[in-house]
>>> print(open('work07.txt').read())   # compact mmCIF, C-alpha atoms
# COMPACT_ATOMS: atom_id res chain seq x y z
CA MET A 12 -25.95 -24.73 -4.44
CA CYS A 13 -24.73 -22.03 -6.83
CA LEU A 14 -21.20 -20.70 -7.19
CA ALA A 15 -22.00 -17.63 -5.13
CA GLU A 16 -22.85 -19.90 -2.18
CA ILE A 17 -19.89 -22.25 -2.54
CA VAL A 18 -16.99 -19.85 -3.13
CA PRO A 19 -17.49 -17.68 -0.01
CA VAL A 20 -17.28 -20.84 2.11
CA LEU A 21 -14.05 -21.96 0.48
CA ILE A 22 -12.37 -18.58 0.78
CA GLY A 23 -13.56 -17.94 4.33
CA ARG A 24 -15.71 -14.87 3.77
CA ASP A 25 -17.64 -13.69 6.79
CA ALA A 26 -21.11 -12.14 6.80
CA SER A 27 -19.87 -8.72 5.66
CA GLY A 28 -19.21 -9.87 2.08
CA LEU A 29 -16.34 -9.44 -0.33
CA GLY A 30 -15.27 -6.15 1.15
CA SER A 31 -14.55 -7.74 4.52
CA LYS A 32 -11.57 -9.59 5.86
CA SER A 33 -10.54 -12.79 4.24
CA LEU A 34 -8.70 -15.68 5.79
CA ALA A 35 -7.02 -16.90 2.63
CA ARG A 36 -3.31 -17.29 2.75
CA ILE A 37 -1.73 -16.24 -0.52
CA ASP A 38 0.30 -13.01 -0.52
CA ASP A 39 1.91 -13.32 -3.93
CA VAL A 40 -0.99 -13.04 -6.35
CA ASN A 41 -0.11 -10.83 -9.27
CA LEU A 42 -2.47 -8.71 -11.34
CA GLY A 43 -2.82 -11.45 -13.92
CA GLY A 44 -4.16 -13.86 -11.32
CA LYS A 45 -1.13 -16.16 -11.46
CA PHE A 46 1.15 -17.17 -8.67
CA ALA A 47 4.55 -15.61 -9.21
CA LYS A 48 7.79 -17.04 -7.97
CA THR A 49 8.65 -15.82 -4.51
CA PHE A 50 11.89 -13.89 -4.21
CA PRO A 51 14.67 -15.50 -2.18
CA PRO A 52 15.36 -14.13 1.27
CA GLN A 53 17.74 -11.21 1.55
CA ARG A 54 19.44 -9.90 4.58
CA GLY A 55 19.68 -6.35 5.83
CA ARG A 56 21.15 -4.72 8.89
CA ALA A 57 19.81 -5.88 12.25
CA ALA A 58 17.27 -3.52 13.77
CA ASP A 59 18.60 -0.95 16.23
CA GLN A 60 15.06 -0.49 17.46
CA GLN A 61 11.78 -2.06 16.57
CA GLY A 62 8.70 -0.25 15.39
CA PRO A 63 5.46 -0.32 17.33
CA VAL A 64 4.06 -3.19 15.28
CA GLY A 65 5.66 -6.61 15.46
CA PRO A 66 4.82 -9.82 13.64
CA GLY A 67 1.29 -9.64 15.06
CA ARG A 68 -2.03 -11.00 13.87
CA HIS A 69 -3.41 -9.70 10.63
CA ARG A 70 -5.96 -10.73 8.06
CA ALA A 71 -5.75 -9.92 4.34
CA GLN A 72 -7.82 -10.49 1.18
CA PRO A 73 -5.48 -12.34 -1.20
CA PHE A 74 -8.20 -14.36 -3.01
CA LYS A 75 -10.31 -11.34 -3.98
CA ALA A 76 -8.64 -10.83 -7.37
CA ILE A 77 -9.23 -14.49 -8.28
CA VAL A 78 -12.85 -15.07 -7.32
CA GLU A 79 -14.40 -11.58 -7.42
CA GLY A 80 -15.35 -11.82 -11.08
CA ALA A 81 -16.77 -15.33 -10.76
CA ILE A 82 -19.03 -14.38 -7.85
CA GLN A 83 -20.22 -11.19 -9.51
CA LYS A 84 -20.98 -13.05 -12.73
CA GLU A 85 -22.97 -15.66 -10.82
CA HIS A 86 -25.04 -13.01 -9.05
CA LEU A 87 -25.71 -11.14 -12.28
CA ARG A 88 -26.93 -14.15 -14.27
CA SER A 89 -30.60 -14.31 -15.05
CA ASP A 90 -32.83 -16.82 -13.34
CA SER A 91 -32.93 -18.91 -16.52
CA GLY A 92 -29.17 -19.36 -16.46
CA GLY A 93 -28.59 -17.32 -19.61
CA ALA A 94 -25.76 -14.95 -20.40
CA VAL A 95 -25.24 -11.74 -18.52
CA SER A 96 -27.33 -8.90 -19.90
CA PRO A 97 -25.77 -5.63 -21.08
CA GLU A 98 -27.16 -3.96 -17.97
CA GLY A 99 -25.63 -6.69 -15.87
CA SER A 100 -22.26 -6.26 -17.58
CA LYS A 101 -22.33 -2.56 -16.83
CA LEU A 102 -23.16 -3.31 -13.22
CA ALA A 103 -20.29 -5.77 -12.96
CA VAL A 104 -17.81 -3.15 -14.18
CA GLU A 105 -19.06 -0.72 -11.56
CA GLN A 106 -18.67 -3.35 -8.89
CA VAL A 107 -15.11 -4.21 -9.87
CA ALA A 108 -14.23 -0.52 -9.86
CA GLY A 109 -15.72 -0.18 -6.39
CA HIS A 110 -18.11 2.70 -7.28
CA GLY A 111 -21.76 3.48 -6.97
CA GLY A 112 -24.53 1.91 -4.97
CA ALA A 113 -24.65 -1.22 -7.13
CA CYS A 114 -22.35 -3.02 -4.71
CA ALA A 115 -24.87 -2.69 -1.89
CA GLY A 116 -27.35 -5.10 -3.45
CA THR A 117 -24.87 -7.90 -4.11
CA ARG A 118 -23.23 -7.33 -0.73
CA ALA A 119 -26.59 -7.75 1.00
CA ALA A 120 -27.23 -10.93 -0.99
CA ARG A 121 -23.87 -12.36 0.04
CA GLN A 122 -24.58 -11.50 3.66
CA GLU A 123 -27.82 -13.45 3.49
CA VAL A 124 -26.05 -16.44 1.94
CA MET A 125 -23.30 -16.43 4.58
CA ALA A 126 -25.81 -16.03 7.40
CA ALA A 127 -27.54 -19.20 6.19
CA ILE A 128 -24.34 -21.29 6.39
CA PRO A 129 -23.87 -22.92 9.80
CA LYS A 130 -20.97 -21.52 11.79
CA PRO A 131 -19.28 -24.93 12.32
CA ILE A 132 -19.07 -25.38 8.55
CA ARG A 133 -17.44 -21.95 8.14
CA ILE A 134 -14.93 -22.75 10.88
CA LEU A 135 -14.10 -26.08 9.30
CA ALA A 136 -13.59 -24.49 5.88
CA LYS A 137 -11.25 -21.89 7.35
CA THR A 138 -9.26 -24.56 9.16
CA LEU A 139 -8.85 -26.59 5.99
CA LEU A 140 -7.80 -23.49 4.07
CA ASP A 141 -5.20 -22.62 6.71
CA PHE A 142 -3.79 -26.12 6.35
CA ALA A 143 -3.75 -26.05 2.54
CA LEU A 144 -2.51 -22.46 2.12
CA PRO A 145 -0.52 -21.45 5.20
CA PRO A 146 0.52 -17.80 5.63
CA ARG A 147 4.07 -16.98 4.58
CA CYS A 148 6.63 -14.36 5.52
CA ALA A 149 6.51 -11.31 3.25
CA GLY A 150 10.30 -11.31 3.11
CA CYS A 151 11.45 -14.91 2.64
CA ALA A 152 8.23 -16.93 2.16
CA GLU A 153 8.78 -19.06 5.27
CA VAL A 154 5.57 -20.42 6.76
CA ILE A 155 4.50 -18.23 9.67
CA GLU A 156 1.44 -17.78 11.85
CA GLU A 157 -0.18 -14.75 10.23
CA VAL A 158 -0.77 -13.14 6.86
CA GLY A 159 1.07 -9.93 6.04
CA ALA A 160 3.79 -10.33 8.65
CA PHE A 161 7.49 -11.27 8.82
CA CYS A 162 9.33 -14.18 10.31
CA PRO A 163 11.59 -13.35 13.28
CA GLU A 164 14.72 -13.52 11.12
CA CYS A 165 13.42 -11.08 8.49
CA TRP A 166 11.94 -8.86 11.19
CA GLY A 167 15.36 -8.60 12.82
CA GLY A 168 17.03 -8.07 9.45
CA MET A 169 15.42 -4.66 8.94
CA GLU A 170 16.21 -1.40 10.69
CA TRP A 171 12.91 -0.09 12.01
CA LEU A 172 12.70 3.69 12.25
CA GLY A 173 9.19 4.59 13.39
CA ASN A 174 8.63 8.07 14.82
CA SER A 175 12.10 8.53 16.28
CA GLY A 176 14.98 10.56 14.85
CA CYS A 177 14.92 14.09 13.49
CA GLN A 178 11.61 15.74 14.30
CA THR A 179 11.35 17.03 10.72
CA CYS A 180 12.78 14.44 8.35
CA GLY A 181 12.91 11.38 10.63
CA LEU A 182 16.61 10.70 9.97
CA PRO A 183 18.00 8.52 12.78
CA LEU A 184 20.05 10.54 15.28
CA ALA A 185 22.53 8.37 17.14
CA ALA A 186 24.36 9.36 20.35
CA THR A 187 22.86 12.84 20.50
CA GLU A 188 20.04 14.66 22.24
CA ALA A 189 19.43 16.99 19.30
CA GLU A 190 15.90 17.09 17.94
CA SER A 191 16.83 18.06 14.38
CA CYS A 192 19.54 16.88 12.03
CA GLY A 193 22.15 19.20 10.56
CA ARG A 194 20.67 19.13 7.08
CA CYS A 195 17.22 20.25 8.26
CA LEU A 196 18.79 23.06 10.27
CA ALA A 197 20.92 24.26 7.36
CA ASP A 198 18.37 23.73 4.57
CA PRO A 199 14.82 23.10 5.89
CA PRO A 200 12.90 20.71 3.61
CA GLY A 201 9.70 21.61 1.86
CA LEU A 202 7.63 19.24 4.00
CA GLU A 203 6.66 19.79 7.62
CA ARG A 204 7.20 16.15 8.54
CA MET A 205 8.67 13.02 6.93
CA ARG A 206 8.50 9.53 8.37
CA ALA A 207 9.47 6.05 7.17
CA ALA A 208 8.77 2.64 8.63
CA VAL A 209 12.20 1.13 7.88
CA ALA A 210 15.65 2.13 6.67
CA TYR A 211 16.45 1.39 3.03
CA GLY A 212 18.36 -1.90 2.94
CA ASP A 213 18.50 -5.15 1.03
CA LEU A 214 15.29 -6.64 2.41
CA SER A 215 13.19 -3.46 2.50
CA ARG A 216 14.39 -2.66 -1.04
CA SER A 217 13.40 -6.15 -2.21
CA ILE A 218 9.87 -5.76 -0.84
CA ALA A 219 9.42 -2.37 -2.54
CA LEU A 220 10.72 -3.71 -5.87
CA ARG A 221 8.50 -6.79 -5.73
CA LEU A 222 5.48 -4.53 -5.37
CA LYS A 223 6.65 -2.03 -7.97
CA TYR A 224 8.01 -4.29 -10.71
CA GLY A 225 7.03 -7.80 -9.62
CA ARG A 226 3.33 -6.85 -9.39
CA LYS A 227 2.95 -8.47 -5.96
CA VAL A 228 0.13 -6.11 -5.07
CA ALA A 229 -0.70 -7.90 -1.81
CA LEU A 230 2.55 -6.48 -0.41
CA ALA A 231 0.92 -3.03 -0.38
CA ARG A 232 -1.25 -4.17 2.52
CA THR A 233 1.78 -5.52 4.37
CA MET A 234 3.70 -2.28 3.91
CA ALA A 235 0.71 -0.20 5.01
CA ARG A 236 0.36 -2.30 8.13
CA TYR A 237 3.81 -1.30 9.33
CA MET A 238 3.42 2.30 8.18
CA ALA A 239 0.14 2.85 10.04
CA SER A 240 1.85 3.89 13.28
CA LEU A 241 3.63 6.77 11.50
CA ASN A 242 0.52 8.96 11.63
CA GLU A 243 1.01 11.96 13.89
CA PRO A 244 -0.76 11.44 17.24
CA GLY A 245 -3.77 13.65 17.90
CA ARG A 246 -4.37 14.59 14.29
CA GLY A 247 -7.95 15.56 13.55
CA ASP A 248 -8.35 14.96 9.83
CA ALA A 249 -6.19 14.87 6.72
CA LEU A 250 -6.35 14.07 3.03
CA VAL A 251 -4.28 11.05 1.98
CA MET A 252 -2.87 10.97 -1.54
CA PRO A 253 -0.05 9.10 -3.28
CA VAL A 254 2.91 10.59 -5.10
CA PRO A 255 1.51 10.35 -8.64
CA LEU A 256 2.95 8.69 -11.73
CA HIS A 257 2.87 10.25 -15.15
CA ARG A 258 0.09 8.78 -17.27
CA ARG A 259 2.59 7.07 -19.61
CA ARG A 260 4.25 5.31 -16.71
CA LEU A 261 0.86 4.43 -15.25
CA TRP A 262 -0.32 2.93 -18.55
CA SER A 263 2.85 0.84 -18.95
CA ARG A 264 2.93 -0.41 -15.35
CA GLY A 265 -0.81 -0.74 -14.87
CA PHE A 266 -0.94 0.67 -11.34
CA ASN A 267 0.65 3.17 -8.99
CA GLN A 268 2.34 1.26 -6.18
CA SER A 269 2.16 4.30 -3.89
CA GLY A 270 -1.56 4.55 -4.59
CA LEU A 271 -2.13 0.98 -3.43
CA VAL A 272 -0.33 1.67 -0.15
CA ALA A 273 -2.04 5.05 0.31
CA ARG A 274 -5.48 3.51 -0.14
CA GLU A 275 -4.78 0.93 2.59
CA LEU A 276 -3.47 3.62 4.95
CA ALA A 277 -6.45 5.89 4.38
CA LYS A 278 -8.79 2.99 5.06
CA GLY A 279 -7.02 2.15 8.32
CA TRP A 280 -6.79 5.74 9.52
CA GLY A 281 -10.33 6.63 8.48
CA TYR A 282 -9.16 9.55 6.31
CA PRO A 283 -10.43 10.47 2.84
CA PHE A 284 -8.31 9.18 -0.05
CA GLU A 285 -7.72 11.13 -3.27
CA ALA A 286 -5.60 9.78 -6.10
CA SER A 287 -6.46 12.25 -8.86
CA LEU A 288 -6.11 15.74 -7.35
CA LEU A 289 -2.33 15.80 -7.70
CA ARG A 290 -1.01 14.93 -11.15
CA ARG A 291 2.38 14.46 -12.72
CA THR A 292 2.12 16.72 -15.75
CA LYS A 293 5.68 16.34 -17.03
CA PRO A 294 7.27 12.96 -17.78
CA THR A 295 10.63 12.52 -16.10
CA GLN A 296 13.46 10.09 -16.56
CA PRO A 297 13.89 7.40 -13.88
CA LEU A 298 15.69 9.02 -10.94
CA LYS A 299 17.72 5.92 -10.09
CA GLY A 300 21.42 6.71 -10.06
CA MET A 301 20.98 10.53 -10.01
CA SER A 302 22.53 12.80 -7.42
CA HIS A 303 20.43 15.01 -5.16
CA SER A 304 20.83 18.10 -7.37
CA GLN A 305 20.04 16.10 -10.52
CA ARG A 306 16.89 14.70 -8.97
CA ARG A 307 15.71 18.12 -7.86
CA LYS A 308 16.21 19.54 -11.35
CA ALA A 309 14.49 16.56 -13.02
CA VAL A 310 11.24 16.89 -11.02
CA SER A 311 11.06 20.69 -10.92
CA GLY A 312 7.63 21.79 -12.14
CA ALA A 313 6.52 18.22 -12.83
CA PHE A 314 3.43 18.30 -10.59
CA ALA A 315 0.17 20.26 -10.57
CA VAL A 316 -3.11 20.28 -8.63
CA VAL A 317 -6.22 19.94 -10.81
CA GLU A 318 -8.87 21.02 -8.27
CA PRO A 319 -7.36 23.58 -5.88
CA ASP A 320 -10.65 24.10 -4.03
CA LYS A 321 -10.42 20.58 -2.60
CA ILE A 322 -6.87 21.22 -1.37
CA LYS A 323 -7.24 24.67 0.15
CA ASP A 324 -6.65 24.80 3.92
CA ARG A 325 -6.35 21.01 4.14
CA GLU A 326 -3.65 18.90 5.77
CA ILE A 327 -2.13 16.56 3.19
CA ILE A 328 -0.39 13.24 3.85
CA LEU A 329 1.65 12.19 0.85
CA VAL A 330 2.44 8.48 0.56
CA ASP A 331 5.41 7.00 -1.31
CA ASP A 332 7.22 3.68 -1.32
CA VAL A 333 10.83 4.87 -0.95
CA LEU A 334 12.32 8.20 0.13
CA THR A 335 15.78 8.81 -1.32
CA SER A 336 16.75 12.48 -1.58
CA GLY A 337 13.23 13.84 -0.99
CA SER A 338 13.28 15.84 -4.24
CA THR A 339 10.09 14.27 -5.63
CA ALA A 340 8.14 14.73 -2.40
CA GLU A 341 9.28 18.35 -2.11
CA ALA A 342 8.20 19.06 -5.68
CA CYS A 343 4.76 17.64 -4.80
CA ALA A 344 4.65 19.77 -1.66
CA ARG A 345 5.40 22.95 -3.62
CA ALA A 346 2.50 22.26 -5.98
CA LEU A 347 0.16 21.50 -3.07
CA ARG A 348 1.10 24.65 -1.17
CA LYS A 349 0.63 26.69 -4.31
CA ALA A 350 -2.92 25.32 -4.41
CA GLY A 351 -3.49 26.44 -0.80
CA ALA A 352 -2.69 23.35 1.32
CA ALA A 353 -2.20 24.24 4.96
CA ARG A 354 0.33 21.49 5.73
CA VAL A 355 2.07 18.74 3.78
CA GLU A 356 3.90 15.74 5.16
CA LEU A 357 5.24 12.47 3.81
CA VAL A 358 4.84 8.88 4.99
CA CYS A 359 6.76 6.12 3.21
CA TRP A 360 7.81 2.50 3.56
CA ALA A 361 11.60 2.94 3.47
CA ARG A 362 14.06 5.81 3.40
CA VAL A 363 17.72 6.12 2.57
CA VAL A 364 19.78 6.81 5.68
CA ARG A 365 23.22 6.11 4.20
CA PRO A 366 24.60 8.17 1.28
CA ALA A 367 25.91 5.03 -0.43
CA HIS A 368 22.33 3.91 -1.06
CA LEU A 369 21.36 7.14 -2.84
CA MET A 370 22.86 6.03 -6.15
CA ARG A 371 21.22 2.61 -6.17
>>> encode(input="work07.txt", output="structure tokens")
Amino acid sequence: MCLAEIVPVLIGRDASGLGSKSLARIDDVNLGGKFAKTFPPQRGRAADQQGPVGPGRHRAQPFKAIVEGAIQKEHLRSDSGGAVSPEGSKLAVEQVAGHGGACAGTRAARQEVMAAIPKPIRILAKTLLDFALPPRCAGCAEVIEEVGAFCPECWGGMEWLGNSGCQTCGLPLAATEAESCGRCLADPPGLERMRAAVAYGDLSRSIALRLKYGRKVALARTMARYMASLNEPGRGDALVMPVPLHRRRLWSRGFNQSGLVARELAKGWGYPFEASLLRRTKPTQPLKGMSHSQRRKAVSGAFAVVEPDKIKDREIILVDDVLTSGSTAEACARALRKAGAARVELVCWARVVRPAHLMR
């Protein structure tokens, strides 16, 4: 049996191939394919109200980065067992990038292989994998029941915001029946709607930083899972795009953390995803530690739309990891409206609700 037949059994692939759900249990696989040290648990404020999604069942694809290349290489080898041909190498690059129709052939081949494996064997392999690599909490690494979820203690240690609060910016409104906060009434923001899954605190901050600087890219799927309910009910269609990084920052970091989350959200919502229409044309200094006015000045004129025709009369959902003052998102919204966007809103993982956190 060749590698392409053995590996899917071990990693629990079903008949839909590598693009389908995986039952592997490792959340902390970095881009280099090594297991990084899990951050210690941190505590935040107890939740005043819980979001619509609890620590429910979820399946992720944490082994994809490790075995994707091996399976593709096995499929692309010649029948004689020789090296991969130049045409095959080109095909493999297209498959890793996720483009073109080349994936369809290998996906169909994998489906045939999986269909030939008896179901009891697949179930046994999944059971053994669950035992060897149990799912762990995204916050403290405690063993839990499902991938991409939180243990009860970490779940209760975050302040879940959801779709409540100010109807414009989503700021929590306590002990009042008002629909808008004072800031939005006095100085309306440049976005029609802003929503965040959780309040910015120790634990939510740790998760965002582990994705951003710790390269724990599997956390993007966890964050997107709890952000999925922030979509406005009854929406017809929208274009999902991340808040972009300048190319220098992108080259040094290797990925845009907001782009990873935005891609997962677009996939779950069934909306088109565009990561290249909005660009950061001016490099800016890190905004950490700046006041609201300093942030607004730093990002002024830093964004531009490269293909306005694709933006005109469209609803845009911007995706970011953390909302602090909103200056960056508003600068993006100004560029998008200038290009003809009909509506711009923001969805993010965490937002600052206490002024003391703005300078962190």
>>> residues_around(input="work07.txt", residues="range 344-357 of chain A", least_positions_apart="6", cutoff="12 Å", atoms="all atoms listed in the file", output="number ranges by chain")
A: 178-181, 200-208, 238, 241-243, 246, 248-254, 269, 273, 288-292, 310-334, 337-338
>>> closest_residue(input="work07.txt", among="A:Pro145, A:Gly270, A:Pro131, A:Gly150", to="Arg216 in chain A", atoms="all atoms listed in the file")
A:Gly150
>>> atom_distance(input="work07.txt", atom1="CA of Ser175 in chain A", atom2="CA of Ser336 in chain A")
18.9 Å
>>> atom_distance(input="work07.txt", atom1="CA of Ala277 in chain A", atom2="CA of Arg258 in chain A")
22.8 Å
>>> atom_distance(input="work07.txt", atom1="CA of Leu222 in chain A", atom2="CA of Asn267 in chain A")
9.8 Å
>>> axis_aligned_box(input="work07.txt", around="range 334-351 of chain A", padding_each_side="5 Å", output="lines of an AutoDock Vina configuration file")
center_x = 6.6
center_y = 17.4
center_z = -2.9
size_x = 30.2
size_y = 28.5
size_z = 16.1
>>> closest_residue(input="work07.txt", among="A:Ala197, A:Ala235, A:Val209, A:Ala309", to="Leu182 in chain A", atoms="only C-alpha atoms")
A:Val209
>>> residues_around(input="work07.txt", residues="Ala210 in chain A", least_positions_apart="4", cutoff="6 Å", atoms="all atoms listed in the file", output="compact mmCIF listing (two decimals) with C-alpha atoms, keeping the file's coordinate frame")
# COMPACT_ATOMS: atom_id res chain seq x y z
CA GLU A 170 16.21 -1.40 10.69
CA ALA A 361 11.60 2.94 3.47
CA ARG A 362 14.06 5.81 3.40
